[in-house]
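For reference, input.tsv is printed below; it contains TSV, C-alpha atoms.
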```
chain	number	residue	atom	x	y	z
A	1	MET	CA	19.32	-0.23	6.33
A	2	ALA	CA	17.57	-3.51	5.58
A	3	ILE	CA	14.60	-3.60	3.25
A	4	GLN	CA	11.27	-3.48	5.05
A	5	TYR	CA	7.90	-4.70	3.82
A	6	TRP	CA	4.54	-2.93	3.89
A	7	LEU	CA	0.94	-3.24	2.82
A	8	MET	CA	-0.81	-0.16	1.44
A	9	LYS	CA	-4.58	-0.13	1.13
A	10	THR	CA	-6.48	1.78	-1.49
A	11	GLU	CA	-10.06	1.77	-2.67
A	12	PRO	CA	-9.94	0.84	-6.35
A	13	THR	CA	-12.74	3.29	-7.17
A	14	THR	CA	-10.43	6.06	-5.89
A	15	TYR	CA	-7.03	4.79	-7.07
A	16	SER	CA	-6.34	1.29	-8.38
A	17	ILE	CA	-3.29	-0.65	-9.43
A	18	ASP	CA	-4.40	0.02	-13.02
A	19	ASP	CA	-4.21	3.76	-12.29
A	20	LEU	CA	-0.65	3.26	-11.04
A	21	ALA	CA	0.22	1.20	-14.12
A	22	ALA	CA	-1.15	3.98	-16.34
A	23	GLN	CA	1.25	6.60	-14.93
A	24	ALA	CA	3.99	7.47	-17.42
A	25	ASP	CA	6.71	6.24	-15.07
A	26	LYS	CA	4.40	3.88	-13.12
A	27	THR	CA	5.06	6.06	-10.06
A	28	THR	CA	2.76	8.02	-7.76
A	29	CYS	CA	2.88	9.80	-4.43
A	30	TRP	CA	0.88	7.99	-1.75
A	31	GLU	CA	-1.02	11.07	-0.61
A	32	GLY	CA	-4.01	11.64	1.60
A	33	VAL	CA	-3.07	9.52	4.62
A	34	ARG	CA	-4.72	11.25	7.57
A	35	ASN	CA	-4.10	8.85	10.43
A	36	TYR	CA	-1.26	9.62	12.85
A	37	GLN	CA	-0.06	6.05	13.23
A	38	ALA	CA	0.13	5.57	9.44
A	39	ARG	CA	1.68	9.06	9.11
A	40	ASN	CA	4.45	8.07	11.52
A	41	LEU	CA	5.25	5.04	9.36
A	42	LEU	CA	5.37	7.21	6.22
A	43	ARG	CA	7.49	9.86	7.92
A	44	ASP	CA	9.84	7.76	10.04
A	45	GLU	CA	9.96	4.13	8.90
A	46	ILE	CA	9.25	3.61	5.21
A	47	GLN	CA	12.37	4.10	3.10
A	48	ALA	CA	13.27	4.09	-0.59
A	49	GLY	CA	13.82	0.49	-1.68
A	50	ASP	CA	11.22	-0.97	0.69
A	51	ARG	CA	8.69	-3.36	-0.86
A	52	VAL	CA	4.93	-2.87	-0.84
A	53	LEU	CA	1.91	-5.14	-1.21
A	54	PHE	CA	-0.71	-3.13	-3.13
A	55	TYR	CA	-4.10	-3.94	-1.59
A	56	HIS	CA	-7.57	-3.11	-2.93
A	57	SER	CA	-10.00	-2.55	-0.04
A	58	ALA	CA	-13.63	-1.50	0.37
A	59	CYS	CA	-14.63	-3.36	-2.78
A	60	LYS	CA	-16.52	-6.53	-3.74
A	61	GLU	CA	-13.45	-8.74	-3.31
A	62	PRO	CA	-10.65	-7.16	-1.23
A	63	ALA	CA	-7.29	-8.52	-2.37
A	64	VAL	CA	-3.57	-8.02	-2.76
A	65	VAL	CA	-3.38	-7.14	-6.44
A	66	GLY	CA	0.34	-6.54	-6.93
A	67	THR	CA	3.56	-5.13	-5.58
A	68	ALA	CA	5.37	-1.81	-5.65
A	69	ILE	CA	8.71	-0.44	-4.54
A	70	VAL	CA	9.09	2.71	-2.45
A	71	SER	CA	10.93	5.07	-4.79
A	72	LYS	CA	11.13	8.08	-2.46
A	73	SER	CA	11.20	8.14	1.34
A	74	GLY	CA	8.78	10.25	3.37
A	75	TYR	CA	8.37	13.96	2.64
A	76	PRO	CA	5.63	16.51	3.46
A	77	ASP	CA	2.29	15.92	1.73
A	78	ARG	CA	1.80	19.12	-0.31
A	79	PHE	CA	-1.97	18.60	-0.42
A	80	GLN	CA	-2.27	19.48	3.27
A	81	PHE	CA	-1.49	23.12	2.29
A	82	ASP	CA	-3.72	23.26	-0.81
A	83	LYS	CA	-7.06	24.88	0.06
A	84	LYS	CA	-8.62	23.34	-3.06
A	85	SER	CA	-7.59	19.80	-2.10
A	86	LYS	CA	-9.86	17.40	-0.25
A	87	TYR	CA	-6.76	16.68	1.88
A	88	PHE	CA	-6.34	20.32	2.97
A	89	ASP	CA	-5.60	20.66	6.69
A	90	PRO	CA	-5.95	24.23	8.03
A	91	LYS	CA	-4.00	23.28	11.17
A	92	SER	CA	-0.95	22.09	9.24
A	93	ASP	CA	2.09	24.38	9.30
A	94	PRO	CA	4.64	24.45	6.45
A	95	ASP	CA	7.41	24.88	9.04
A	96	ASN	CA	6.19	21.81	10.93
A	97	PRO	CA	4.18	19.67	8.47
A	98	ARG	CA	1.57	17.38	9.96
A	99	TRP	CA	1.16	14.92	7.06
A	100	TYR	CA	3.69	12.97	5.01
A	101	LEU	CA	3.73	10.75	1.95
A	102	VAL	CA	6.08	8.49	0.04
A	103	ASP	CA	6.41	7.75	-3.67
A	104	ILE	CA	5.84	4.22	-4.91
A	105	THR	CA	6.60	2.65	-8.26
A	106	LEU	CA	4.72	-0.33	-9.66
A	107	ASP	CA	6.76	-3.52	-9.52
A	108	GLU	CA	4.20	-6.14	-10.57
A	109	LYS	CA	0.47	-6.44	-11.14
A	110	PHE	CA	-0.61	-9.96	-10.25
A	111	ASP	CA	-2.27	-12.03	-12.98
A	112	ALA	CA	-4.58	-13.35	-10.27
A	113	PRO	CA	-5.19	-11.30	-7.09
A	114	VAL	CA	-4.74	-12.94	-3.69
A	115	THR	CA	-8.06	-12.35	-1.94
A	116	LEU	CA	-8.65	-11.52	1.69
A	117	ALA	CA	-10.56	-14.81	2.02
A	118	GLU	CA	-7.53	-16.73	0.70
A	119	LEU	CA	-5.22	-14.91	3.11
A	120	ARG	CA	-7.48	-15.84	6.03
A	121	GLU	CA	-7.19	-19.51	5.01
A	122	THR	CA	-3.38	-19.46	4.81
A	123	ALA	CA	-1.48	-20.47	7.95
A	124	SER	CA	1.79	-18.78	6.94
A	125	VAL	CA	0.17	-15.32	6.98
A	126	LYS	CA	-2.32	-15.73	9.83
A	127	GLU	CA	-0.43	-13.20	12.01
A	128	MET	CA	-0.52	-10.41	9.41
A	129	VAL	CA	-1.65	-7.05	10.77
A	130	LEU	CA	-4.27	-6.99	7.99
A	131	LEU	CA	-5.95	-10.09	9.41
A	132	GLN	CA	-6.09	-8.91	13.02
A	133	LYS	CA	-9.43	-7.88	14.46
A	134	GLY	CA	-9.89	-4.11	14.37
A	135	SER	CA	-7.00	-3.54	11.95
A	136	ARG	CA	-7.94	-0.56	9.81
A	137	LEU	CA	-4.64	1.18	9.08
A	138	SER	CA	-4.15	2.11	5.43
A	139	VAL	CA	-0.39	1.57	5.75
A	140	GLN	CA	0.85	-1.38	7.78
A	141	PRO	CA	4.01	-3.39	8.32
A	142	VAL	CA	4.37	-6.85	6.80
A	143	LYS	CA	6.94	-9.50	7.73
A	144	LYS	CA	9.27	-10.71	4.96
A	145	LYS	CA	7.93	-14.27	5.33
A	146	GLU	CA	4.37	-12.95	4.85
A	147	PHE	CA	5.40	-10.91	1.81
A	148	ASP	CA	7.16	-13.92	0.28
A	149	ALA	CA	4.20	-16.22	1.04
A	150	ILE	CA	1.80	-13.86	-0.74
A	151	LEU	CA	4.10	-13.63	-3.79
A	152	LYS	CA	4.21	-17.43	-3.87
A	153	MET	CA	0.40	-17.62	-3.60
A	154	ALA	CA	0.01	-15.13	-6.47
A	155	LYS	CA	2.39	-17.06	-8.73
A	156	LYS	CA	0.71	-20.38	-7.94
A	157	LYS	CA	-2.74	-18.90	-8.48
A	158	ALA	CA	-1.68	-17.35	-11.82
A	159	LYS	CA	-0.53	-20.78	-13.05
A	160	THR	CA	-3.85	-22.41	-12.16
A	161	SER	CA	-6.24	-19.58	-13.12
A	162	PRO	CA	-7.80	-19.60	-16.57
A	163	LYS	CA	-6.41	-16.90	-18.84
A	164	LYS	CA	-8.76	-14.02	-19.62
```
Encoded form using structure tokens:
Amino acid sequence: MAIQYWLMKTEPTTYSIDDLAAQADKTTCWEGVRNYQARNLLRDEIQAGDRVLFYHSACKEPAVVGTAIVSKSGYPDRFQFDKKSKYFDPKSDPDNPRWYLVDITLDEKFDAPVTLAELRETASVKEMVLLQKGSRLSVQPVKKKEFDAILKMAKKKAKTSPKK
């Protein structure tokens, strides 16, 4: 199956790209998705080897901050069965799980994030799901040309940004 491309949103105060980078194997499970449309993508579409844009949302400057690779295809989110978890779902059945997750592994943290404002000003990504009015999904498909354009923007921006 051909590689597919995705954008995964996270609030950096909850889980940031730095948190992912700090994991021993730079890998985490993408748990806690509680939207059926996003769940269907995690369960049915996203496969090991797919590429991910890691996006910080609900922060001062929303931006694509790096990339990851899906390291494990969809499997039941164990937190739905854990009564102590904020993701516990009393209606979920172990024989017919309601919620799924995937594992992702950090590929690259951008030297200079590509901001939402910059994406909105870029013609080659203007059709991205992220930029559509009312788009709120935490997991969304991305076209290869959009993924490549954002990588190119990040590399160009890193060359022109002052080093910290």
Do a neighbour search on Phe54 in chain A at 9 Å with all atoms listed in the file, toss out local chain neighbours closer than 4 positions, and write the hits as a PyMOL selection string. chain A and resi 6-10+16-17+63-68+106+109
Give me the residues near range 139-148 of chain A as an MDAnalysis selection string, where near means some atom within 9 Å (using all atoms listed in the file) and where sequence neighbours in that chain fewer than 4 positions away do not count. chainID A and resid 4:9 33 37:39 41:42 51:53 124:130 152:153
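Residue nearest Ala58 in chain A, chosen from A:Gly134, A:Pro90, A:Pro113, A:Pro12 and counting all atoms listed in the file: A:Pro12.
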Leaving out Tyr75 in chain A and any residue of its chain fewer than 3 positions from it, which residues lie within 8 Å of it when counting only C-alpha atoms, given as a PDB file with C-alpha atoms, in the coordinates of the input?
```pdb
ATOM      1  CA  ARG A  43       7.490   9.860   7.920  1.00  0.00           C
ATOM      2  CA  TYR A 100       3.690  12.970   5.010  1.00  0.00           C
ATOM      3  CA  LEU A 101       3.730  10.750   1.950  1.00  0.00           C
ATOM      4  CA  VAL A 102       6.080   8.490   0.040  1.00  0.00           C
TER       5      VAL A 102
END
```
Would you please work out which residue, of A:Glu31, A:Leu137, A:Ala112, A:Glu45, is nearest to Tyr87 in chain A when using only C-alpha atoms?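 Under the stated criterion, the closest residue is A:Glu31.
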What gap, in Å, lies between CA of Lys72 in chain A and CA of Ala154 in chain A?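 CA of Lys72 in chain A sits 26.0 Å away from CA of Ala154 in chain A.
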Please identify all polymer residues lying at most 9 Å from the point (13.4, -0.8, -0.6) (file coordinates), using only C-alpha atoms, and present the result as a ChimeraX atom specification. /A:2-5,46-52,69-71
For CA of Phe81 in chain A and CA of Thr14 in chain A, quote the distance in Å rounded to one decimal. 20.9 Å
Quote the spacing between CA of Ala21 in chain A and CA of Tyr55 in chain A in Å to one decimal place. 14.2 Å
Could you pull the residues within 7 Å of Thr27 in chain A, counting all atoms listed in the file, minus those fewer than 6 positions along the same chain, as a short mmCIF file (atom, residue, chain, number, x, y, z; two decimals) with C-alpha atoms, in the frame of the given file?
```cif
data_model
loop_
_atom_site.label_atom_id
_atom_site.label_comp_id
_atom_site.auth_asym_id
_atom_site.auth_seq_id
_atom_site.Cartn_x
_atom_site.Cartn_y
_atom_site.Cartn_z
CA LEU A 20 -0.65 3.26 -11.04
CA ASP A 103 6.41 7.75 -3.67
CA ILE A 104 5.84 4.22 -4.91
CA THR A 105 6.60 2.65 -8.26
CA LEU A 106 4.72 -0.33 -9.66
#
```
Counting only C-alpha atoms, which residues come within 7 Å of (-3.5, -13.4, -13.7), with the point read in the file's coordinates, and could you list them as JSON, numbers by chain? {"A": [110, 111, 112, 158, 161, 163]}
Give the answer as one residue: which of A:Ile150, A:Ser138, A:Asp44, A:Arg34 has the shortest atom-to-atom distance to Asp89 in chain A, using all atoms listed in the file?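 When distances to Asp89 in chain A are compared using all atoms listed in the file, the smallest one comes from A:Arg34.
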Axis-aligned box for range 92-101 of chain A, 6 Å per side, centre and edges in Å as lines of an AutoDock Vina configuration file:
```
center_x = 3.2
center_y = 17.8
center_z = 6.4
size_x = 20.4
size_y = 26.1
size_z = 21.0
```
Top pick for closest residue to Glu118 in chain A, considering A:Glu61, A:Asp95, A:Asp82, A:Asp77 and counting all atoms listed in the file: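 Among A:Glu61, A:Asp95, A:Asp82, A:Asp77, it is A:Glu61 that comes nearest to Glu118 in chain A.
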Find the residue from A:Met1, A:Leu116, A:Ser85, A:Pro76 that sits nearest to His56 in chain A; use all atoms listed in the file when measuring. A:Leu116
